[in-house]
Amino acid sequence: MQQHRPAHLPRPMSRPPREEPQAVTLRRRLAELRGPAVAPRPLDARALAALAANPGCKRRALLDGAGVDKGALATALGSPAAFGQSQFAFMRGNAFEARVKADGGTELMRLLHQGFGESGEPPGDVSVPDLSAAGPEGRAARTALALREATGSGGWALLDHPMLALEVAGSPAYLEPDAVVVHPDGTWTVVEIKSFPMIDGSADAAKVGAAARQSAVYVLALERVAAATDGAEVGHRVLLVCPKDFSNLPTASVVDVRKQRAVTRRQLTRLTRIEDIAAALPEGTTFDPECSPEELDTAVESVTAAYAPECLAACELAFHCRAKARAAGAVEALGRSVRGELGGLTTVTGVLAAAAGKEGDPADPTVAALLRAAALRAEALEGTTCR
């Protein structure tokens, strides 16, 4: 028998559909971009540092945020890139790092004491806590506990290969610096050990810059732990240890990474909003390496890139992007400095046409400079012909 609800009783309100948390929705979307059967490739400090060095590249931001294996993607596109250290360089680097950290970090603490201009003798009583634990999550938790205990003790401590966690695009990225030193005053200093030489007190500027950007990532990750630790402060100066001249003896330099830290933080903030980039992609876009090269090429080209020759040393997709830039005649293929000098001229064809006086406004300083350069070149060639 059908029952009727009395008219004076209100009808029950229908429950609105439960909204998915934004982080869950983003992870699901990134998994679709990666491919249903493809495990995410974890981000490391090198990848984050390279991303910060080219903050305008939406392509790399999306692919790294989604955990796409760019090496496998480049191979599937037919533009593989050979990356990674040689076995000899890897073994040499490990041997040098072991030498620096030998005897409980005695030499490392001497270099830090000297580099920071501390008075008196280098610290002799240095605690080296055990950081072993199961899995990266366990090691990160053990590292955070060791940092708090070392800060609370008020003494020197050396953390060898600690594990740090940094949230990137809604998921944790686990980072492993070479070492972190805890000072008695609660300051935490990142130590980066590299195998490139420091000749006459200075090293290759490009390599030092890359090391500074990588160290800045570690500083950001440490700041998250320091925020929950009484009396802790992460130093903005890091200790860079390298071989001295052409020997295997270690030397060190103190590098200020405040600028790199600010750039990296800004880029990571943009990276956490990669859902905006993903939302603009055509329906069904995927970077699954199992797809055909044609499908992958279409997917990759649907995300804008900011190619520069420097990408060849930092991104697995650089050869693919360079081929596309050259095919389009883009001036970016000539370098950022050249691109900056050419103003509104974006193609090599347009630059040559402006230099020949066929296009462009002569009142434009860039066009005027090109016309002047073309005239000087013609004059020089004419003089060579006359001889």
# chains A, B, ... in the order shown; residues from 1 in each chain; ligands from 1
>>> closest_atom_pairs(of="region 219-309 of chain A", to="region 329-341 of chain A", cutoff="10 Å", atoms="only C-alpha atoms", output="JSON lines")
{"residue": "A:Ala306", "atom": "CA", "partner": "A:Glu332", "partner_atom": "CA", "distance": 7.9}
{"residue": "A:Tyr307", "atom": "CA", "partner": "A:Glu332", "partner_atom": "CA", "distance": 6.4}
{"residue": "A:Ala308", "atom": "CA", "partner": "A:Gly335", "partner_atom": "CA", "distance": 5.5}
{"residue": "A:Pro309", "atom": "CA", "partner": "A:Gly335", "partner_atom": "CA", "distance": 5.8}
>>> residues_around(residues="Val300 (chain A)", least_positions_apart="2", cutoff="9 Å", atoms="only C-alpha atoms", output="list in words")
Arg59, Thr285, Thr286, Phe287, Glu295, Leu296, Asp297, Thr298, Ser302, Val303 and Thr304 of chain A
>>> closest_atom_pairs(of="region 171-209 of chain A", to="region 40-56 of chain A", cutoff="8 Å", atoms="only C-alpha atoms", output="JSON lines")
{"residue": "A:Ala173", "atom": "CA", "partner": "A:Leu43", "partner_atom": "CA", "distance": 5.6}
{"residue": "A:Tyr174", "atom": "CA", "partner": "A:Asp44", "partner_atom": "CA", "distance": 6.7}
{"residue": "A:Leu175", "atom": "CA", "partner": "A:Asp44", "partner_atom": "CA", "distance": 5.7}
{"residue": "A:Glu176", "atom": "CA", "partner": "A:Ala45", "partner_atom": "CA", "distance": 7.9}
>>> residues_around(residues="region 262-278 of chain A", least_positions_apart="5", cutoff="7 Å", atoms="only C-alpha atoms", output="ChimeraX atom specification")
/A:26,52,55,61-62,65,168-170,217
>>> closest_atom_pairs(of="region 32-141 of chain A", to="region 158-164 of chain A", cutoff="10 Å", atoms="only C-alpha atoms", output="CSV")
residue,atom,partner,partner_atom,distance
A:Lys101,CA,A:Asp160,CA,8.3
A:Gly104,CA,A:Leu158,CA,8.3
A:Gly105,CA,A:Leu158,CA,7.4
A:Leu108,CA,A:Leu158,CA,9.4
A:Met109,CA,A:Leu158,CA,8.6
A:Val126,CA,A:Leu158,CA,6.7
A:Ser127,CA,A:Leu158,CA,6.1
A:Val128,CA,A:Leu158,CA,5.0
A:Pro129,CA,A:Leu159,CA,6.5
A:Asp130,CA,A:Leu159,CA,8.2
A:Leu131,CA,A:Pro162,CA,6.7
A:Ser132,CA,A:Pro162,CA,9.1
A:Pro136,CA,A:Met163,CA,7.0
A:Glu137,CA,A:Met163,CA,8.5
A:Gly138,CA,A:Met163,CA,8.9
A:Arg139,CA,A:Met163,CA,5.7
A:Ala140,CA,A:Met163,CA,4.7
A:Ala141,CA,A:Met163,CA,8.2
>>> closest_residue(among="A:Ala206, A:Val219, A:Ala252, A:Met91", to="Leu239 (chain A)", atoms="only C-alpha atoms")
A:Ala252
>>> select_by_dssp(residues="region 120-264 of chain A", states="strand (DSSP E)", output="PyMOL selection string")
chain A and resi 126-127+156-160+164-168+171-175+179-182+187-193+233-234+237-243+250-256
>>> closest_residue(among="A:Glu167, A:Glu301, A:Glu316, A:Glu121", to="Ala221 (chain A)", atoms="only C-alpha atoms")
A:Glu167
>>> residues_around(residues="Ala211 (chain A)", least_positions_apart="4", cutoff="12 Å", atoms="only C-alpha atoms", output="PyMOL selection string")
chain A and resi 45-50+53+177-178+190-196+203-207+215-218+238-242+253-257+260
>>> closest_residue(among="A:Phe90, A:Ala146, A:Ala305, A:Gly201", to="His320 (chain A)", atoms="only C-alpha atoms")
A:Ala305
